[in-house]
>>> print(open('target18.tsv').read())   # TSV, N, CA and C atoms
chain	number	residue	atom	x	y	z
A	1	MET	N	-6.30	-15.74	29.52
A	1	MET	CA	-5.02	-16.41	29.53
A	1	MET	C	-3.92	-15.39	29.82
A	2	ILE	N	-2.90	-15.81	30.50
A	2	ILE	CA	-1.81	-14.92	30.85
A	2	ILE	C	-1.07	-14.45	29.61
A	3	GLN	N	-0.99	-15.30	28.60
A	3	GLN	CA	-0.27	-14.96	27.37
A	3	GLN	C	-0.98	-13.87	26.57
A	4	GLY	N	-2.18	-13.56	26.89
A	4	GLY	CA	-2.92	-12.53	26.17
A	4	GLY	C	-3.71	-13.09	25.01
A	5	GLY	N	-3.80	-14.41	24.92
A	5	GLY	CA	-4.53	-15.02	23.82
A	5	GLY	C	-6.03	-15.00	24.07
A	6	ASP	N	-6.75	-15.48	23.12
A	6	ASP	CA	-8.19	-15.56	23.20
A	6	ASP	C	-8.56	-16.83	23.96
A	7	ILE	N	-9.19	-16.67	25.12
A	7	ILE	CA	-9.48	-17.85	25.94
A	7	ILE	C	-10.53	-18.73	25.28
A	8	SER	N	-11.26	-18.21	24.31
A	8	SER	CA	-12.24	-19.06	23.63
A	8	SER	C	-11.57	-20.14	22.79
A	9	ALA	N	-10.30	-19.95	22.43
A	9	ALA	CA	-9.57	-20.96	21.67
A	9	ALA	C	-8.99	-22.02	22.58
A	10	ASN	N	-9.02	-21.77	23.89
A	10	ASN	CA	-8.53	-22.69	24.91
A	10	ASN	C	-7.04	-23.01	24.81
A	11	ASP	N	-6.31	-22.27	24.01
A	11	ASP	CA	-4.87	-22.53	23.96
A	11	ASP	C	-4.05	-21.25	24.01
A	12	GLY	N	-4.69	-20.11	24.06
A	12	GLY	CA	-3.98	-18.85	24.20
A	12	GLY	C	-3.26	-18.40	22.94
A	13	THR	N	-3.52	-19.01	21.81
A	13	THR	CA	-2.78	-18.66	20.60
A	13	THR	C	-3.55	-17.73	19.68
A	14	GLU	N	-4.83	-17.73	19.71
A	14	GLU	CA	-5.62	-16.92	18.78
A	14	GLU	C	-5.92	-15.55	19.38
A	15	MET	N	-5.60	-14.51	18.63
A	15	MET	CA	-5.89	-13.15	19.09
A	15	MET	C	-7.36	-12.85	18.91
A	16	SER	N	-7.89	-12.04	19.78
A	16	SER	CA	-9.28	-11.66	19.64
A	16	SER	C	-9.43	-10.72	18.45
A	17	THR	N	-10.62	-10.63	17.93
A	17	THR	CA	-10.90	-9.78	16.79
A	17	THR	C	-10.60	-8.32	17.09
A	18	ALA	N	-10.98	-7.87	18.28
A	18	ALA	CA	-10.75	-6.47	18.66
A	18	ALA	C	-9.25	-6.16	18.73
A	19	LEU	N	-8.48	-7.08	19.25
A	19	LEU	CA	-7.04	-6.88	19.34
A	19	LEU	C	-6.41	-6.83	17.95
A	20	ARG	N	-6.83	-7.72	17.06
A	20	ARG	CA	-6.31	-7.72	15.69
A	20	ARG	C	-6.64	-6.40	15.00
A	21	LYS	N	-7.87	-5.95	15.18
A	21	LYS	CA	-8.29	-4.71	14.54
A	21	LYS	C	-7.50	-3.51	15.08
A	22	THR	N	-7.30	-3.47	16.38
A	22	THR	CA	-6.53	-2.38	16.99
A	22	THR	C	-5.10	-2.39	16.50
A	23	LYS	N	-4.49	-3.56	16.47
A	23	LYS	CA	-3.11	-3.69	15.98
A	23	LYS	C	-3.02	-3.23	14.53
A	24	SER	N	-3.98	-3.62	13.73
A	24	SER	CA	-4.01	-3.23	12.32
A	24	SER	C	-4.12	-1.71	12.18
A	25	GLN	N	-4.96	-1.09	12.99
A	25	GLN	CA	-5.12	0.36	12.94
A	25	GLN	C	-3.85	1.08	13.35
A	26	ILE	N	-3.16	0.57	14.35
A	26	ILE	CA	-1.91	1.19	14.80
A	26	ILE	C	-0.88	1.18	13.68
A	27	PHE	N	-0.68	0.03	13.05
A	27	PHE	CA	0.31	-0.06	11.98
A	27	PHE	C	-0.09	0.79	10.78
A	28	THR	N	-1.38	0.82	10.45
A	28	THR	CA	-1.84	1.63	9.32
A	28	THR	C	-1.60	3.10	9.59
A	29	ASN	N	-1.94	3.56	10.79
A	29	ASN	CA	-1.76	4.97	11.12
A	29	ASN	C	-0.29	5.35	11.22
A	30	SER	N	0.56	4.44	11.66
A	30	SER	CA	1.98	4.77	11.72
A	30	SER	C	2.55	4.92	10.31
A	31	ALA	N	1.95	4.26	9.34
A	31	ALA	CA	2.39	4.42	7.95
A	31	ALA	C	2.09	5.82	7.45
A	32	LEU	N	1.07	6.47	7.99
A	32	LEU	CA	0.71	7.83	7.59
A	32	LEU	C	1.65	8.86	8.18
A	33	GLY	N	2.19	8.60	9.34
A	33	GLY	CA	2.90	9.61	10.10
A	33	GLY	C	4.27	10.00	9.58
A	34	PHE	N	4.66	9.55	8.44
A	34	PHE	CA	5.98	9.86	7.92
A	34	PHE	C	5.95	11.05	6.97
A	35	ASP	N	7.00	11.84	7.03
A	35	ASP	CA	7.16	12.98	6.13
A	35	ASP	C	7.88	12.49	4.88
A	36	PHE	N	7.13	12.29	3.79
A	36	PHE	CA	7.70	11.73	2.58
A	36	PHE	C	8.68	12.66	1.89
A	37	ALA	N	8.78	13.90	2.31
A	37	ALA	CA	9.68	14.86	1.67
A	37	ALA	C	11.03	14.96	2.38
A	38	SER	N	11.25	14.20	3.42
A	38	SER	CA	12.48	14.32	4.19
A	38	SER	C	13.67	13.70	3.46
A	39	LEU	N	14.86	14.01	3.97
A	39	LEU	CA	16.08	13.46	3.38
A	39	LEU	C	16.13	11.95	3.50
A	40	GLU	N	15.56	11.41	4.53
A	40	GLU	CA	15.56	9.97	4.74
A	40	GLU	C	14.35	9.32	4.10
A	41	ARG	N	13.87	9.94	3.06
A	41	ARG	CA	12.62	9.54	2.42
A	41	ARG	C	12.55	8.06	2.09
A	42	ARG	N	13.56	7.54	1.43
A	42	ARG	CA	13.48	6.15	1.00
A	42	ARG	C	13.34	5.20	2.18
A	43	PHE	N	14.13	5.41	3.23
A	43	PHE	CA	14.04	4.53	4.39
A	43	PHE	C	12.71	4.68	5.11
A	44	ILE	N	12.25	5.88	5.18
A	44	ILE	CA	10.97	6.14	5.84
A	44	ILE	C	9.83	5.50	5.06
A	45	VAL	N	9.88	5.64	3.73
A	45	VAL	CA	8.83	5.06	2.91
A	45	VAL	C	8.88	3.53	3.00
A	46	LEU	N	10.08	2.98	3.00
A	46	LEU	CA	10.20	1.53	3.16
A	46	LEU	C	9.64	1.09	4.51
A	47	GLY	N	9.87	1.89	5.53
A	47	GLY	CA	9.28	1.60	6.84
A	47	GLY	C	7.76	1.65	6.79
A	48	ALA	N	7.23	2.59	6.04
A	48	ALA	CA	5.78	2.68	5.89
A	48	ALA	C	5.24	1.44	5.19
A	49	LEU	N	5.98	0.94	4.20
A	49	LEU	CA	5.55	-0.28	3.52
A	49	LEU	C	5.52	-1.47	4.49
A	50	VAL	N	6.52	-1.55	5.33
A	50	VAL	CA	6.55	-2.62	6.33
A	50	VAL	C	5.36	-2.49	7.26
A	51	ASP	N	5.05	-1.28	7.68
A	51	ASP	CA	3.91	-1.06	8.56
A	51	ASP	C	2.60	-1.49	7.90
A	52	THR	N	2.46	-1.19	6.61
A	52	THR	CA	1.22	-1.60	5.94
A	52	THR	C	1.14	-3.12	5.84
A	53	GLU	N	2.28	-3.77	5.63
A	53	GLU	CA	2.30	-5.24	5.60
A	53	GLU	C	1.85	-5.81	6.94
A	54	PHE	N	2.36	-5.23	8.04
A	54	PHE	CA	1.94	-5.67	9.37
A	54	PHE	C	0.44	-5.43	9.56
A	55	ALA	N	-0.04	-4.30	9.09
A	55	ALA	CA	-1.45	-3.96	9.26
A	55	ALA	C	-2.34	-4.95	8.52
A	56	MET	N	-1.85	-5.49	7.42
A	56	MET	CA	-2.68	-6.38	6.60
A	56	MET	C	-2.49	-7.86	6.94
A	57	ARG	N	-1.61	-8.17	7.85
A	57	ARG	CA	-1.40	-9.59	8.22
A	57	ARG	C	-2.67	-10.25	8.71
A	58	ASP	N	-3.39	-9.56	9.54
A	58	ASP	CA	-4.60	-10.13	10.13
A	58	ASP	C	-5.87	-9.65	9.44
A	59	GLU	N	-5.72	-8.67	8.57
A	59	GLU	CA	-6.90	-8.08	7.93
A	59	GLU	C	-6.50	-7.67	6.52
A	60	ASP	N	-6.57	-8.61	5.57
A	60	ASP	CA	-6.09	-8.34	4.22
A	60	ASP	C	-7.00	-7.42	3.41
A	61	ASN	N	-8.17	-7.12	3.93
A	61	ASN	CA	-9.07	-6.20	3.24
A	61	ASN	C	-9.04	-4.81	3.88
A	62	ASN	N	-7.90	-4.46	4.48
A	62	ASN	CA	-7.73	-3.18	5.14
A	62	ASN	C	-7.51	-2.10	4.08
A	63	VAL	N	-8.56	-1.41	3.73
A	63	VAL	CA	-8.53	-0.43	2.64
A	63	VAL	C	-7.54	0.69	2.94
A	64	LYS	N	-7.53	1.16	4.18
A	64	LYS	CA	-6.63	2.24	4.54
A	64	LYS	C	-5.17	1.81	4.37
A	65	ALA	N	-4.86	0.59	4.78
A	65	ALA	CA	-3.48	0.10	4.63
A	65	ALA	C	-3.13	-0.07	3.16
A	66	LEU	N	-4.06	-0.57	2.36
A	66	LEU	CA	-3.81	-0.71	0.92
A	66	LEU	C	-3.58	0.65	0.27
A	67	PHE	N	-4.35	1.65	0.71
A	67	PHE	CA	-4.18	3.01	0.19
A	67	PHE	C	-2.80	3.54	0.54
A	68	ARG	N	-2.41	3.41	1.82
A	68	ARG	CA	-1.08	3.87	2.26
A	68	ARG	C	0.03	3.11	1.54
A	69	GLN	N	-0.19	1.83	1.31
A	69	GLN	CA	0.78	1.03	0.58
A	69	GLN	C	0.94	1.56	-0.85
A	70	GLY	N	-0.17	1.89	-1.47
A	70	GLY	CA	-0.13	2.47	-2.82
A	70	GLY	C	0.62	3.79	-2.83
A	71	GLN	N	0.37	4.63	-1.82
A	71	GLN	CA	1.09	5.90	-1.73
A	71	GLN	C	2.59	5.69	-1.56
A	72	ALA	N	2.95	4.73	-0.72
A	72	ALA	CA	4.37	4.46	-0.48
A	72	ALA	C	5.04	3.95	-1.76
A	73	HIS	N	4.36	3.08	-2.47
A	73	HIS	CA	4.92	2.59	-3.74
A	73	HIS	C	5.09	3.73	-4.75
A	74	MET	N	4.13	4.64	-4.76
A	74	MET	CA	4.25	5.81	-5.65
A	74	MET	C	5.46	6.65	-5.26
A	75	ALA	N	5.66	6.85	-3.98
A	75	ALA	CA	6.80	7.65	-3.51
A	75	ALA	C	8.12	7.00	-3.90
A	76	LEU	N	8.13	5.67	-4.02
A	76	LEU	CA	9.32	4.94	-4.44
A	76	LEU	C	9.38	4.75	-5.95
A	77	ASN	N	8.40	5.30	-6.65
A	77	ASN	CA	8.27	5.19	-8.10
A	77	ASN	C	8.06	3.74	-8.56
A	78	ASN	N	7.47	2.94	-7.71
A	78	ASN	CA	7.06	1.58	-8.06
A	78	ASN	C	5.60	1.64	-8.52
A	79	ILE	N	5.40	2.19	-9.71
A	79	ILE	CA	4.03	2.51	-10.11
A	79	ILE	C	3.17	1.27	-10.38
A	80	ASP	N	3.77	0.20	-10.83
A	80	ASP	CA	2.97	-1.02	-11.04
A	80	ASP	C	2.49	-1.58	-9.70
A	81	ALA	N	3.36	-1.58	-8.70
A	81	ALA	CA	2.96	-2.05	-7.37
A	81	ALA	C	1.92	-1.11	-6.76
A	82	ALA	N	2.07	0.19	-7.01
A	82	ALA	CA	1.09	1.16	-6.52
A	82	ALA	C	-0.27	0.89	-7.14
A	83	ALA	N	-0.28	0.64	-8.44
A	83	ALA	CA	-1.54	0.35	-9.12
A	83	ALA	C	-2.20	-0.89	-8.53
A	84	GLU	N	-1.41	-1.91	-8.29
A	84	GLU	CA	-1.95	-3.15	-7.72
A	84	GLU	C	-2.56	-2.92	-6.34
A	85	SER	N	-1.86	-2.19	-5.48
A	85	SER	CA	-2.38	-1.92	-4.14
A	85	SER	C	-3.69	-1.13	-4.21
A	86	LEU	N	-3.71	-0.11	-5.06
A	86	LEU	CA	-4.91	0.72	-5.16
A	86	LEU	C	-6.06	-0.03	-5.82
A	87	GLU	N	-5.77	-0.89	-6.79
A	87	GLU	CA	-6.82	-1.72	-7.38
A	87	GLU	C	-7.43	-2.64	-6.34
A	88	ASN	N	-6.58	-3.21	-5.49
A	88	ASN	CA	-7.09	-4.06	-4.41
A	88	ASN	C	-7.98	-3.26	-3.46
A	89	ALA	N	-7.56	-2.06	-3.12
A	89	ALA	CA	-8.37	-1.21	-2.23
A	89	ALA	C	-9.70	-0.86	-2.88
A	90	LEU	N	-9.67	-0.57	-4.17
A	90	LEU	CA	-10.91	-0.20	-4.88
A	90	LEU	C	-11.90	-1.35	-4.96
A	91	GLN	N	-11.42	-2.57	-4.87
A	91	GLN	CA	-12.34	-3.71	-4.84
A	91	GLN	C	-13.23	-3.66	-3.61
A	92	PHE	N	-12.69	-3.14	-2.51
A	92	PHE	CA	-13.45	-3.09	-1.26
A	92	PHE	C	-14.21	-1.77	-1.10
A	93	GLU	N	-13.67	-0.68	-1.67
A	93	GLU	CA	-14.30	0.64	-1.57
A	93	GLU	C	-14.31	1.31	-2.94
A	94	PRO	N	-15.15	0.83	-3.86
A	94	PRO	CA	-15.11	1.33	-5.23
A	94	PRO	C	-15.55	2.79	-5.41
A	95	ASN	N	-16.22	3.36	-4.43
A	95	ASN	CA	-16.72	4.73	-4.56
A	95	ASN	C	-15.90	5.75	-3.77
A	96	ASP	N	-14.79	5.34	-3.19
A	96	ASP	CA	-13.98	6.23	-2.38
A	96	ASP	C	-13.26	7.24	-3.27
A	97	ALA	N	-13.54	8.51	-3.07
A	97	ALA	CA	-12.99	9.58	-3.92
A	97	ALA	C	-11.47	9.67	-3.81
A	98	GLY	N	-10.93	9.52	-2.61
A	98	GLY	CA	-9.48	9.59	-2.43
A	98	GLY	C	-8.76	8.46	-3.15
A	99	LEU	N	-9.33	7.27	-3.08
A	99	LEU	CA	-8.76	6.13	-3.80
A	99	LEU	C	-8.79	6.36	-5.31
A	100	LYS	N	-9.93	6.83	-5.78
A	100	LYS	CA	-10.06	7.07	-7.21
A	100	LYS	C	-9.06	8.11	-7.71
A	101	LYS	N	-8.87	9.15	-6.91
A	101	LYS	CA	-7.93	10.22	-7.28
A	101	LYS	C	-6.49	9.68	-7.33
A	102	GLU	N	-6.11	8.92	-6.30
A	102	GLU	CA	-4.75	8.36	-6.25
A	102	GLU	C	-4.55	7.36	-7.39
A	103	TYR	N	-5.56	6.55	-7.66
A	103	TYR	CA	-5.47	5.57	-8.74
A	103	TYR	C	-5.34	6.26	-10.09
A	104	ALA	N	-6.08	7.35	-10.28
A	104	ALA	CA	-5.97	8.11	-11.54
A	104	ALA	C	-4.57	8.67	-11.73
A	105	ALA	N	-3.96	9.14	-10.64
A	105	ALA	CA	-2.58	9.65	-10.72
A	105	ALA	C	-1.61	8.55	-11.10
A	106	VAL	N	-1.81	7.36	-10.54
A	106	VAL	CA	-0.96	6.22	-10.87
A	106	VAL	C	-1.13	5.84	-12.34
A	107	MET	N	-2.36	5.77	-12.79
A	107	MET	CA	-2.62	5.39	-14.17
A	107	MET	C	-2.05	6.42	-15.15
A	108	LYS	N	-2.06	7.69	-14.77
A	108	LYS	CA	-1.46	8.73	-15.60
A	108	LYS	C	0.05	8.50	-15.72
A	109	LYS	N	0.68	8.17	-14.59
A	109	LYS	CA	2.12	7.89	-14.60
A	109	LYS	C	2.45	6.67	-15.45
A	110	ILE	N	1.60	5.66	-15.39
A	110	ILE	CA	1.80	4.46	-16.20
A	110	ILE	C	1.68	4.80	-17.67
A	111	ALA	N	0.70	5.62	-18.03
A	111	ALA	CA	0.52	6.02	-19.43
A	111	ALA	C	1.73	6.80	-19.93
A	112	ILE	N	2.25	7.70	-19.11
A	112	ILE	CA	3.44	8.47	-19.48
A	112	ILE	C	4.63	7.54	-19.69
A	113	ARG	N	4.81	6.61	-18.78
A	113	ARG	CA	5.90	5.65	-18.90
A	113	ARG	C	5.77	4.81	-20.17
A	114	ASP	N	4.56	4.34	-20.44
A	114	ASP	CA	4.34	3.52	-21.63
A	114	ASP	C	4.61	4.30	-22.91
A	115	ASN	N	4.20	5.58	-22.94
A	115	ASN	CA	4.46	6.41	-24.12
A	115	ASN	C	5.96	6.65	-24.31
A	116	GLU	N	6.67	6.86	-23.22
A	116	GLU	CA	8.12	7.05	-23.32
A	116	GLU	C	8.81	5.78	-23.82
A	117	GLU	N	8.35	4.63	-23.35
A	117	GLU	CA	8.91	3.37	-23.83
A	117	GLU	C	8.66	3.18	-25.32
A	118	LYS	N	7.46	3.53	-25.79
A	118	LYS	CA	7.14	3.42	-27.21
A	118	LYS	C	8.07	4.30	-28.05
A	119	LYS	N	8.33	5.51	-27.56
A	119	LYS	CA	9.23	6.41	-28.27
A	119	LYS	C	10.63	5.81	-28.35
A	120	GLN	N	11.09	5.23	-27.26
A	120	GLN	CA	12.42	4.61	-27.25
A	120	GLN	C	12.49	3.45	-28.23
A	121	TYR	N	11.47	2.64	-28.28
A	121	TYR	CA	11.45	1.50	-29.20
A	121	TYR	C	11.43	1.98	-30.64
A	122	ARG	N	10.69	3.05	-30.92
A	122	ARG	CA	10.65	3.61	-32.28
A	122	ARG	C	12.05	4.06	-32.72
A	123	LYS	N	12.77	4.68	-31.80
A	123	LYS	CA	14.13	5.12	-32.10
A	123	LYS	C	15.05	3.94	-32.37
A	124	MET	N	14.86	2.87	-31.61
A	124	MET	CA	15.72	1.71	-31.75
A	124	MET	C	15.43	0.92	-33.03
A	125	PHE	N	14.15	0.83	-33.40
A	125	PHE	CA	13.76	-0.04	-34.50
A	125	PHE	C	13.18	0.71	-35.69
A	126	GLY	N	13.23	2.01	-35.61
A	126	GLY	CA	12.55	2.60	-36.63
A	126	GLY	C	12.69	3.62	-37.51
>>> encode(input="target18.tsv", output="structure tokens")
Amino acid sequence: MIQGGDISANDGTEMSTALRKTKSQIFTNSALGFDFASLERRFIVLGALVDTEFAMRDEDNNVKALFRQGQAHMALNNIDAAAESLENALQFEPNDAGLKKEYAAVMKKIAIRDNEEKKQYRKMFG
């Protein structure tokens, strides 16, 4: 079809599997290419989050995109969202060492946050 659709659908609207996978890989890899230490860090990280969302539109079990999404959330200090992304990735790749390491870092941050909150509550009520 001239529109670039999958001719097997006979309407030109459905993308082929290979095209979806390629598009997903492009968006996932572009999420990696950002320097998280730059002055424009927040905007760049937000852009990386958008890229991971695009990567997962057609392939919601994209472990690499979920991993990058978790990293971006960590960079923005959205640790609960980071934990959720990494937990989702671990469902598909439970033995991945990089995922486990990143998830452990997130869980450590959550534990620190929870302990600090407990201390604050003790001061307020106790």
>>> atom_distance(input="target18.tsv", atom1="atom C of Leu90 of chain A", atom2="atom C of Ile44 of chain A")
24.9 Å
>>> closest_residue(input="target18.tsv", among="A:Ala89, A:Leu46, A:Met74, A:Ala18", to="Asn61 of chain A", atoms="all atoms listed in the file")
A:Ala89
>>> closest_residue(input="target18.tsv", among="A:Gln69, A:Thr22, A:Ser16, A:Gln120", to="Leu86 of chain A", atoms="all atoms listed in the file")
A:Gln69
>>> axis_aligned_box(input="target18.tsv", around="segment 59-67 of chain A", padding_each_side="6 Å", output="JSON")
{"center_x": -5.9, "center_y": -2.6, "center_z": 4.4, "size_x": 18.3, "size_y": 24.2, "size_z": 20.4}
>>> atom_distance(input="target18.tsv", atom1="atom CA of Phe67 of chain A", atom2="atom CA of Ser85 of chain A")
6.8 Å
>>> atom_distance(input="target18.tsv", atom1="atom CA of Asn78 of chain A", atom2="atom CA of Asn115 of chain A")
17.0 Å
>>> closest_residue(input="target18.tsv", among="A:Ile110, A:Ala55, A:Val45, A:Val50", to="Gln71 of chain A", atoms="all atoms listed in the file")
A:Val45
